[in-house]
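Asks: To start, I am sharing the structure in question, which I have written as structure tokens.
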Amino acid sequence: MHPEKQKHAFEPKIIAFVCTWCTYAGADLAGTSRMQYPSNVRVLKFPCTGRIDPVFILKAFQQGADGVLVSGCHPGDCHYIAGNFHARRRFAAFRKLLEFVGVDLNRLQFSWVSAAEGGKWVEVVTDLTEKVRAMGLMTEFKELALEEQWSGTIDTPELKEAYDQI
Amino acid sequence: MSRIGVFICHCGENISRTVDVERVAREVGQLPGVAFSTDYKYMCSDPGQNLLKKAIQEQKLSHVVVAACSPRMHERTFRKAVEAAGLNPFLCEMANIREHCSWVHEDKEEATVKAVEIVGMMVERVKKNRVLPTITVPVTKRALVIGGGIAGIQAALDIADCGHEVILVEREPSIGGHMAQLSETFPTLDCSQCIMTPKMVDVANHPKIKLYTWSEIERVEGYIGNFQVTIKRKARSVDEDKCTGCGVCMEKCPVRKIPNKFDCNLGMRPAIYVPFPQAVPNTPVIDRENCIKFKTGKCGLCQKVCGPGAVDYEQEDILIVEAVGAIVVATGFDLYTIDEKPKGSLIKGYGEFGHGKIPDVVDGMTFERLASASGPTGGKILRPSDGKEPKQIVFIQCIGSRAREKGISYCSKVCCMYTAKHTMLYHHKVHDGQAYVFFMDARTPGKSYDEFWRRSIEEEEAVYIRGMVSRLYQKGDKIVVMGSDIAVGVQVEIEADMVVLATAIQPQKGADTLAQKLGISYDKYNFYSEAHAKLRPVECATAGIYLAGACQGPKDIPDTVSQASAAAAKVMTLFSKDKLEREPIVARVKEAGCVGCFYCKKVCPYGAVEEKEIRDRQGNLIKVVAYVNPGVCGGCGTCQATCPSKSVELDGYTDEQIVAMIESL
Ligand SMILES: Cc1cc2nc3c(=O)[nH]c(=O)nc-3n(C[C@H](O)[C@H](O)[C@H](O)COP(=O)(O)OP(=O)(O)OC[C@H]3O[C@@H](n4cnc5c(N)ncnc54)[C@H](O)[C@@H]3O)c2cc1C
Ligand code: SF4
Ligand code: SF4
Ligand code: FES
């Protein structure tokens, strides 16, 4: 019954940023329906795609991701009314920037997967994995990772001082 | 140093079949900060939860990760258990190794490696979790109902009967809505006015209901339990407290020929008027556009004749603010017109019907007014052009509705039934007349509905023709209706005296503007969206706002009343508590870093961001920063991803937590 599993020379690392309400639930549905897909993807849950800062995508690439997926509710279906519209606008600009710095945009995928679309989740994840597998290891950002040590905390002395003054 | 406890669930065999749970427990046990790790057959069972609680106490755990099913399934369960053991519930996270791992992979090695990584990721995350306090907000036990049709009336009465104050806002001079215009109602043919007016009077007399007619919502601020609503009371030019409703002013007003909207422009009214005799309140309003006094400064007759001195030309619009805890939106519908539509509009008119230019082609509501005993013709069916009784009448269903080419794909739900009703009313009033109905199919689900529809054919002799009308045109004093009978496969041509169009139910005009003020969502037609089509049909996704009646979708009276009572029940549930608890996943501004750009304010879908002034001890303004009202914040985090100075943070989803997760991979 199970098709013979193919061993690949290269297993890409895929990081997915998804919203709780639609895509995370869609991925849950793929599970409850026992659909099968490559195990390369690691899912990070956000309340909404509106919360996803493009910096996270850079961070993921720095951390060695070969492909990044961002997915949320279909336009108009966002649980928070309009978060995904803001996300869409933000990522449209961000893609241009990535392209400018020389990242192959095929490594970064945006999609809408609803809570009912378990099948679509499987498709999107499988396609991205196969596409990125064919592209090979992502190297562009490794150097950058060494230069910038970004963390989400306020840790510069100036900001600390400003904090104390209030 | 954190002392994290990790609990790996077998989920019977659901997880352990493809994931080597013991190996996962062993490997994550090595991670820095993990003090305890174990696996168990069913973590969610009572013994499983006890194991968790005991470990927290015995091992003095500071954080917990439960690796099991989806957090959408059991996050609540485990957070409760953790709380019972004395830890803050938000120091517990779930790692989804079932839906996202064991169920979607077959290779045990692969699945186990993935599970270790998923759990590791949550371990890194939970280290950065902070204690979050439960947020409680007070509840103002007063409700606002917007729209005084049957939906708004029913909701207001139900809430007020429960002892809570209700503010009912209606933008027309009287409450009543469309139901007040109807003649008789399906499926029982009882007179609409007779069942409606007592309810309207109940509203007027109810000690708990404050009625604002000729008023509109100007602004809505606040959040569930604590809304501040600014209401514009348009100048009525008549003092409601002084007016006794005697009506002398209306008799004396020299302006007589203003088409009355309530009568679908068939009847005429003066410049000072009540829309219909049973209006509630029975206080006239001056239509300033047509009043001689307002146009030329002369006249002033109504003021002279008004005994109690109620007429006041100086009155101005006023704004009042009311505090409420819940809002019921019941703004109802409008009817589609076949007129040419403005360029670029989603919805199109009917060029093939002359775009509404033939006077004896009317809509269903106009027919209701003609058939109504209190209508402009006293209940006689007379056509508008020459006042003759139509002997051949054609009804056409689905005008606009289910017509994708016209831009509307939905079914208006009530037209099949009211057209059947119209053929009956017509037959009762014009015994020698003949009614024809063009229809696509008859949709009559509902108690006693199909029987009612059949009666119109079997007893009231209406001729139903299955097919659509392709063209209409005026020929002498007749209207030629050309269509096809698809059941027989022939073309039909009827020379009618009058044509009645069952036009689509649309949301009322300005529905989108009101939705934007309320912060609720609506579909492409502007019908308001419920939070869940099946399981939360009367709630909006925006907490504290509820929907009733045709503003949410086409509906007949029984469905409207049911939904209104359901919305009232939801309001009463909310009002049964003095305080509300909500999840503390809200954004917070770090004022030191905030540069006051207010990009966050622009993107926040809930209007939760306010401006806050920071002053020094002498009271000098230092800067203006953003402040997130925790009661209003929906917790989407859009502000945080937008903030250029990283100064607003969503609790539970901080940059620190997310970066820690990415770095673990
Ligand atoms: C021709 C026709 C015949 C019908 N016959 C029947 C029948 O026989 N039996 C039956 O069961 N159903 C019938 N219906 C359906 C029935 O009319 C509706 O189910 C019912 O009127 C819906 O009530 P509502 O309160 O939701 O909306 P509405 O009656 O439209 O009331 C909405 C109210 O809100 C007010 N409003 C709108 N916007 C605002 C705002 N922004 N601020 C303040 N106030 C606002 C309006 O002025 C109005 O008073 C018929 C419908 C039509 C068109
Ligand atoms: S001022 Fe004259 S026209 Fe205007 S409402 Fe009064 S009586 Fe009518
Ligand atoms: S998290 Fe979302 S809802 Fe809350 S303040 Fe930020 S943008 Fe508004
Ligand atoms: S909640 Fe899914 S995109 Fe906003």
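Each chain in the structure tokens gets a letter, A, B, ..., in the order shown, and its residues are numbered from 1; ligands are numbered from 1 in order too.
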Using only C-alpha atoms and all ligand atoms, what are the residues with an atom within 6 Å of ligand 2, set out as a list in words?
Replies: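 Selection of residues at most 6 Å from ligand 2: Cys253, Pro254, Val255, Ala271, Ile272, Ile286, Cys291, Ile292, Lys293, Cys299, Gly300, Leu301 and Cys302 of chain B.
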Asks: What's around range 27-43 of chain A at 9 Å? Count only C-alpha atoms, leave out sequence neighbours fewer than 6 positions away in its own chain, and write the answer as a ChimeraX atom specification.
Replies: /A:11-18,113,115-123,125-126,129-130 /B:70,72,98-106,110-111,114,117-118,665
Asks: Have a look at CA of Ile381 in chain B and CA of Val499 in chain B and let me know their distance in Å, one decimal.
Replies: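 About the pair CA of Ile381 in chain B and CA of Val499 in chain B: they are 12.1 Å apart.
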Asks: If you count only C-alpha atoms and all ligand atoms, which residues end up within 10 Å of ligand 3, as a PyMOL selection string?
Replies: (chain A and resi 47-48+50-51+80-83) or (chain B and resi 585-589+599-610+626-643+648-651+653)
Asks: Would you write out, as JSON lines, a table of all residues in chain A that have an atom no more than 10 Å from an atom of ligand 4, listing for each the closest atom pair and the distance in Å to one decimal, considering only C-alpha atoms and all ligand atoms and ordering rows by chain and rising residue number?
Replies:
```
{"residue": "A:Val18", "atom": "CA", "partner": "ligand 4", "partner_atom_place_in_ligand_line": "2 (Fe)", "distance": 7.6}
{"residue": "A:Cys19", "atom": "CA", "partner": "ligand 4", "partner_atom_place_in_ligand_line": "2 (Fe)", "distance": 4.6}
{"residue": "A:Thr20", "atom": "CA", "partner": "ligand 4", "partner_atom_place_in_ligand_line": "2 (Fe)", "distance": 6.3}
{"residue": "A:Trp21", "atom": "CA", "partner": "ligand 4", "partner_atom_place_in_ligand_line": "2 (Fe)", "distance": 5.1}
{"residue": "A:Cys22", "atom": "CA", "partner": "ligand 4", "partner_atom_place_in_ligand_line": "2 (Fe)", "distance": 5.1}
{"residue": "A:Thr23", "atom": "CA", "partner": "ligand 4", "partner_atom_place_in_ligand_line": "2 (Fe)", "distance": 6.9}
{"residue": "A:Tyr24", "atom": "CA", "partner": "ligand 4", "partner_atom_place_in_ligand_line": "2 (Fe)", "distance": 8.7}
{"residue": "A:Ala25", "atom": "CA", "partner": "ligand 4", "partner_atom_place_in_ligand_line": "2 (Fe)", "distance": 9.7}
{"residue": "A:Phe46", "atom": "CA", "partner": "ligand 4", "partner_atom_place_in_ligand_line": "1 (S)", "distance": 8.4}
{"residue": "A:Pro47", "atom": "CA", "partner": "ligand 4", "partner_atom_place_in_ligand_line": "1 (S)", "distance": 6.1}
{"residue": "A:Cys48", "atom": "CA", "partner": "ligand 4", "partner_atom_place_in_ligand_line": "4 (Fe)", "distance": 3.8}
{"residue": "A:Thr49", "atom": "CA", "partner": "ligand 4", "partner_atom_place_in_ligand_line": "3 (S)", "distance": 4.5}
{"residue": "A:Gly50", "atom": "CA", "partner": "ligand 4", "partner_atom_place_in_ligand_line": "4 (Fe)", "distance": 6.1}
{"residue": "A:Arg51", "atom": "CA", "partner": "ligand 4", "partner_atom_place_in_ligand_line": "4 (Fe)", "distance": 8.4}
{"residue": "A:Ile52", "atom": "CA", "partner": "ligand 4", "partner_atom_place_in_ligand_line": "3 (S)", "distance": 9.8}
{"residue": "A:Val70", "atom": "CA", "partner": "ligand 4", "partner_atom_place_in_ligand_line": "3 (S)", "distance": 9.9}
{"residue": "A:Ser71", "atom": "CA", "partner": "ligand 4", "partner_atom_place_in_ligand_line": "3 (S)", "distance": 7.5}
{"residue": "A:Gly72", "atom": "CA", "partner": "ligand 4", "partner_atom_place_in_ligand_line": "3 (S)", "distance": 4.1}
{"residue": "A:Cys73", "atom": "CA", "partner": "ligand 4", "partner_atom_place_in_ligand_line": "2 (Fe)", "distance": 4.0}
{"residue": "A:His74", "atom": "CA", "partner": "ligand 4", "partner_atom_place_in_ligand_line": "3 (S)", "distance": 7.1}
{"residue": "A:Pro75", "atom": "CA", "partner": "ligand 4", "partner_atom_place_in_ligand_line": "3 (S)", "distance": 7.9}
{"residue": "A:Gly76", "atom": "CA", "partner": "ligand 4", "partner_atom_place_in_ligand_line": "3 (S)", "distance": 9.0}
{"residue": "A:Asp77", "atom": "CA", "partner": "ligand 4", "partner_atom_place_in_ligand_line": "2 (Fe)", "distance": 7.2}
{"residue": "A:Cys78", "atom": "CA", "partner": "ligand 4", "partner_atom_place_in_ligand_line": "4 (Fe)", "distance": 3.9}
{"residue": "A:His79", "atom": "CA", "partner": "ligand 4", "partner_atom_place_in_ligand_line": "1 (S)", "distance": 4.1}
{"residue": "A:Tyr80", "atom": "CA", "partner": "ligand 4", "partner_atom_place_in_ligand_line": "4 (Fe)", "distance": 5.4}
{"residue": "A:Ile81", "atom": "CA", "partner": "ligand 4", "partner_atom_place_in_ligand_line": "4 (Fe)", "distance": 7.0}
{"residue": "A:Ala82", "atom": "CA", "partner": "ligand 4", "partner_atom_place_in_ligand_line": "4 (Fe)", "distance": 6.8}
{"residue": "A:Gly83", "atom": "CA", "partner": "ligand 4", "partner_atom_place_in_ligand_line": "4 (Fe)", "distance": 4.7}
{"residue": "A:Asn84", "atom": "CA", "partner": "ligand 4", "partner_atom_place_in_ligand_line": "3 (S)", "distance": 4.4}
{"residue": "A:Phe85", "atom": "CA", "partner": "ligand 4", "partner_atom_place_in_ligand_line": "3 (S)", "distance": 8.1}
{"residue": "A:His86", "atom": "CA", "partner": "ligand 4", "partner_atom_place_in_ligand_line": "4 (Fe)", "distance": 9.3}
{"residue": "A:Ala87", "atom": "CA", "partner": "ligand 4", "partner_atom_place_in_ligand_line": "3 (S)", "distance": 8.0}
{"residue": "A:Arg88", "atom": "CA", "partner": "ligand 4", "partner_atom_place_in_ligand_line": "3 (S)", "distance": 9.5}
{"residue": "A:Trp112", "atom": "CA", "partner": "ligand 4", "partner_atom_place_in_ligand_line": "3 (S)", "distance": 8.2}
{"residue": "A:Val113", "atom": "CA", "partner": "ligand 4", "partner_atom_place_in_ligand_line": "2 (Fe)", "distance": 8.9}
{"residue": "A:Ser114", "atom": "CA", "partner": "ligand 4", "partner_atom_place_in_ligand_line": "2 (Fe)", "distance": 8.1}
{"residue": "A:Ala115", "atom": "CA", "partner": "ligand 4", "partner_atom_place_in_ligand_line": "2 (Fe)", "distance": 9.3}
```
Asks: Using the chain letters and numbers from this document, which residues of range 386-424 of chain B does DSSP assign to alpha helix (DSSP H), as a count of residues only?
Replies: 10
Asks: Check which residues of chain B sit at most 6 Å from ligand 1 using only C-alpha atoms and all ligand atoms, and return one row each with the closest pair of atoms and their distance in Å to one decimal, ordered by chain and rising number, as JSON lines.
Replies:
```
{"residue": "B:Ile146", "atom": "CA", "partner": "ligand 1", "partner_atom_place_in_ligand_line": "43 (C)", "distance": 5.2}
{"residue": "B:Gly147", "atom": "CA", "partner": "ligand 1", "partner_atom_place_in_ligand_line": "34 (O)", "distance": 3.3}
{"residue": "B:Gly148", "atom": "CA", "partner": "ligand 1", "partner_atom_place_in_ligand_line": "49 (O)", "distance": 4.5}
{"residue": "B:Gly149", "atom": "CA", "partner": "ligand 1", "partner_atom_place_in_ligand_line": "31 (O)", "distance": 3.3}
{"residue": "B:Ile150", "atom": "CA", "partner": "ligand 1", "partner_atom_place_in_ligand_line": "25 (O)", "distance": 4.0}
{"residue": "B:Ala151", "atom": "CA", "partner": "ligand 1", "partner_atom_place_in_ligand_line": "25 (O)", "distance": 3.7}
{"residue": "B:Gly152", "atom": "CA", "partner": "ligand 1", "partner_atom_place_in_ligand_line": "25 (O)", "distance": 5.7}
{"residue": "B:Val169", "atom": "CA", "partner": "ligand 1", "partner_atom_place_in_ligand_line": "43 (C)", "distance": 5.4}
{"residue": "B:Glu170", "atom": "CA", "partner": "ligand 1", "partner_atom_place_in_ligand_line": "44 (N)", "distance": 3.8}
{"residue": "B:Arg171", "atom": "CA", "partner": "ligand 1", "partner_atom_place_in_ligand_line": "43 (C)", "distance": 4.1}
{"residue": "B:Glu172", "atom": "CA", "partner": "ligand 1", "partner_atom_place_in_ligand_line": "47 (O)", "distance": 5.2}
{"residue": "B:Ile175", "atom": "CA", "partner": "ligand 1", "partner_atom_place_in_ligand_line": "49 (O)", "distance": 5.4}
{"residue": "B:Gly176", "atom": "CA", "partner": "ligand 1", "partner_atom_place_in_ligand_line": "49 (O)", "distance": 5.5}
{"residue": "B:Gly177", "atom": "CA", "partner": "ligand 1", "partner_atom_place_in_ligand_line": "49 (O)", "distance": 3.3}
{"residue": "B:His178", "atom": "CA", "partner": "ligand 1", "partner_atom_place_in_ligand_line": "29 (O)", "distance": 3.7}
{"residue": "B:Met179", "atom": "CA", "partner": "ligand 1", "partner_atom_place_in_ligand_line": "21 (O)", "distance": 4.5}
{"residue": "B:Glu184", "atom": "CA", "partner": "ligand 1", "partner_atom_place_in_ligand_line": "8 (O)", "distance": 6.0}
{"residue": "B:Thr185", "atom": "CA", "partner": "ligand 1", "partner_atom_place_in_ligand_line": "8 (O)", "distance": 3.1}
{"residue": "B:Phe186", "atom": "CA", "partner": "ligand 1", "partner_atom_place_in_ligand_line": "8 (O)", "distance": 4.0}
{"residue": "B:Glu216", "atom": "CA", "partner": "ligand 1", "partner_atom_place_in_ligand_line": "42 (N)", "distance": 5.0}
{"residue": "B:Ala330", "atom": "CA", "partner": "ligand 1", "partner_atom_place_in_ligand_line": "26 (O)", "distance": 5.7}
{"residue": "B:Thr331", "atom": "CA", "partner": "ligand 1", "partner_atom_place_in_ligand_line": "34 (O)", "distance": 3.7}
{"residue": "B:Gly332", "atom": "CA", "partner": "ligand 1", "partner_atom_place_in_ligand_line": "27 (O)", "distance": 3.2}
{"residue": "B:Phe333", "atom": "CA", "partner": "ligand 1", "partner_atom_place_in_ligand_line": "30 (O)", "distance": 4.3}
{"residue": "B:Gly364", "atom": "CA", "partner": "ligand 1", "partner_atom_place_in_ligand_line": "1 (C)", "distance": 4.1}
{"residue": "B:Met365", "atom": "CA", "partner": "ligand 1", "partner_atom_place_in_ligand_line": "1 (C)", "distance": 4.0}
{"residue": "B:Val414", "atom": "CA", "partner": "ligand 1", "partner_atom_place_in_ligand_line": "14 (N)", "distance": 5.9}
{"residue": "B:Tyr418", "atom": "CA", "partner": "ligand 1", "partner_atom_place_in_ligand_line": "5 (N)", "distance": 5.0}
{"residue": "B:Gln508", "atom": "CA", "partner": "ligand 1", "partner_atom_place_in_ligand_line": "38 (N)", "distance": 5.9}
{"residue": "B:Gly549", "atom": "CA", "partner": "ligand 1", "partner_atom_place_in_ligand_line": "26 (O)", "distance": 3.4}
{"residue": "B:Ala550", "atom": "CA", "partner": "ligand 1", "partner_atom_place_in_ligand_line": "26 (O)", "distance": 3.9}
{"residue": "B:Cys551", "atom": "CA", "partner": "ligand 1", "partner_atom_place_in_ligand_line": "26 (O)", "distance": 5.9}
{"residue": "B:Lys555", "atom": "CA", "partner": "ligand 1", "partner_atom_place_in_ligand_line": "19 (O)", "distance": 4.7}
{"residue": "B:Asp556", "atom": "CA", "partner": "ligand 1", "partner_atom_place_in_ligand_line": "19 (O)", "distance": 3.4}
{"residue": "B:Ile557", "atom": "CA", "partner": "ligand 1", "partner_atom_place_in_ligand_line": "11 (O)", "distance": 3.5}
{"residue": "B:Pro558", "atom": "CA", "partner": "ligand 1", "partner_atom_place_in_ligand_line": "11 (O)", "distance": 5.7}
{"residue": "B:Thr560", "atom": "CA", "partner": "ligand 1", "partner_atom_place_in_ligand_line": "19 (O)", "distance": 5.7}
```
Asks: Quick one: write out the picked residues with C-alpha atoms as a PDB file, in the first residue's frame?
Replies:
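Wrote it out as result00.pdb, contents follow:
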```
ATOM      1  CA  ILE B 146     -29.400  49.775  15.935  1.00  0.00           C
ATOM      2  CA  GLY B 147     -32.433  49.657  13.645  1.00  0.00           C
ATOM      3  CA  GLY B 148     -36.066  49.610  14.682  1.00  0.00           C
ATOM      4  CA  GLY B 149     -37.524  47.053  12.278  1.00  0.00           C
ATOM      5  CA  ILE B 150     -39.092  43.895  13.655  1.00  0.00           C
ATOM      6  CA  ALA B 151     -35.616  42.538  14.413  1.00  0.00           C
ATOM      7  CA  GLY B 152     -34.562  45.533  16.481  1.00  0.00           C
ATOM      8  CA  VAL B 169     -31.675  53.953  17.537  1.00  0.00           C
ATOM      9  CA  GLU B 170     -33.698  54.293  14.325  1.00  0.00           C
ATOM     10  CA  ARG B 171     -32.742  56.604  11.512  1.00  0.00           C
ATOM     11  CA  GLU B 172     -36.268  57.135  10.155  1.00  0.00           C
ATOM     12  CA  ILE B 175     -39.764  52.574  14.144  1.00  0.00           C
ATOM     13  CA  GLY B 176     -41.425  49.693  12.279  1.00  0.00           C
ATOM     14  CA  GLY B 177     -39.129  49.092   9.332  1.00  0.00           C
ATOM     15  CA  HIS B 178     -40.389  47.138   6.362  1.00  0.00           C
ATOM     16  CA  MET B 179     -42.822  45.006   8.290  1.00  0.00           C
ATOM     17  CA  GLU B 184     -50.816  40.796   5.047  1.00  0.00           C
ATOM     18  CA  THR B 185     -48.146  38.287   5.861  1.00  0.00           C
ATOM     19  CA  PHE B 186     -47.444  34.770   4.698  1.00  0.00           C
ATOM     20  CA  GLU B 216     -27.937  57.844  13.530  1.00  0.00           C
ATOM     21  CA  ALA B 330     -30.564  45.119  13.136  1.00  0.00           C
ATOM     22  CA  THR B 331     -30.441  47.472  10.194  1.00  0.00           C
ATOM     23  CA  GLY B 332     -32.420  45.317   7.808  1.00  0.00           C
ATOM     24  CA  PHE B 333     -32.603  45.525   4.058  1.00  0.00           C
ATOM     25  CA  GLY B 364     -43.201  43.966  -4.481  1.00  0.00           C
ATOM     26  CA  MET B 365     -43.187  46.554  -1.717  1.00  0.00           C
ATOM     27  CA  VAL B 414     -38.719  35.568   0.682  1.00  0.00           C
ATOM     28  CA  TYR B 418     -44.542  36.829  -1.034  1.00  0.00           C
ATOM     29  CA  GLN B 508     -29.625  48.826   3.460  1.00  0.00           C
ATOM     30  CA  GLY B 549     -32.580  40.164  10.923  1.00  0.00           C
ATOM     31  CA  ALA B 550     -32.112  40.894   7.266  1.00  0.00           C
ATOM     32  CA  CYS B 551     -28.896  42.899   7.706  1.00  0.00           C
ATOM     33  CA  LYS B 555     -34.854  36.475   5.910  1.00  0.00           C
ATOM     34  CA  ASP B 556     -38.568  36.293   6.501  1.00  0.00           C
ATOM     35  CA  ILE B 557     -40.277  37.461   9.673  1.00  0.00           C
ATOM     36  CA  PRO B 558     -40.217  34.172  11.661  1.00  0.00           C
ATOM     37  CA  THR B 560     -35.864  37.437  11.815  1.00  0.00           C
TER      38      THR B 560
END
```
Asks: Chain A: which residues are strand (DSSP E) by DSSP, as a VMD selection string?
Replies: chain A and resid 14 to 19 41 to 46 67 to 72 108 to 112
Asks: Env of range 534-540 of chain B: 9 Å cut, atoms = only C-alpha atoms, seq-sep filter 2 positions within chain, self excluded. Answer as a ChimeraX atom specification.
Replies: /B:520-521,528-532,542-548,552,563-564,566-567,570
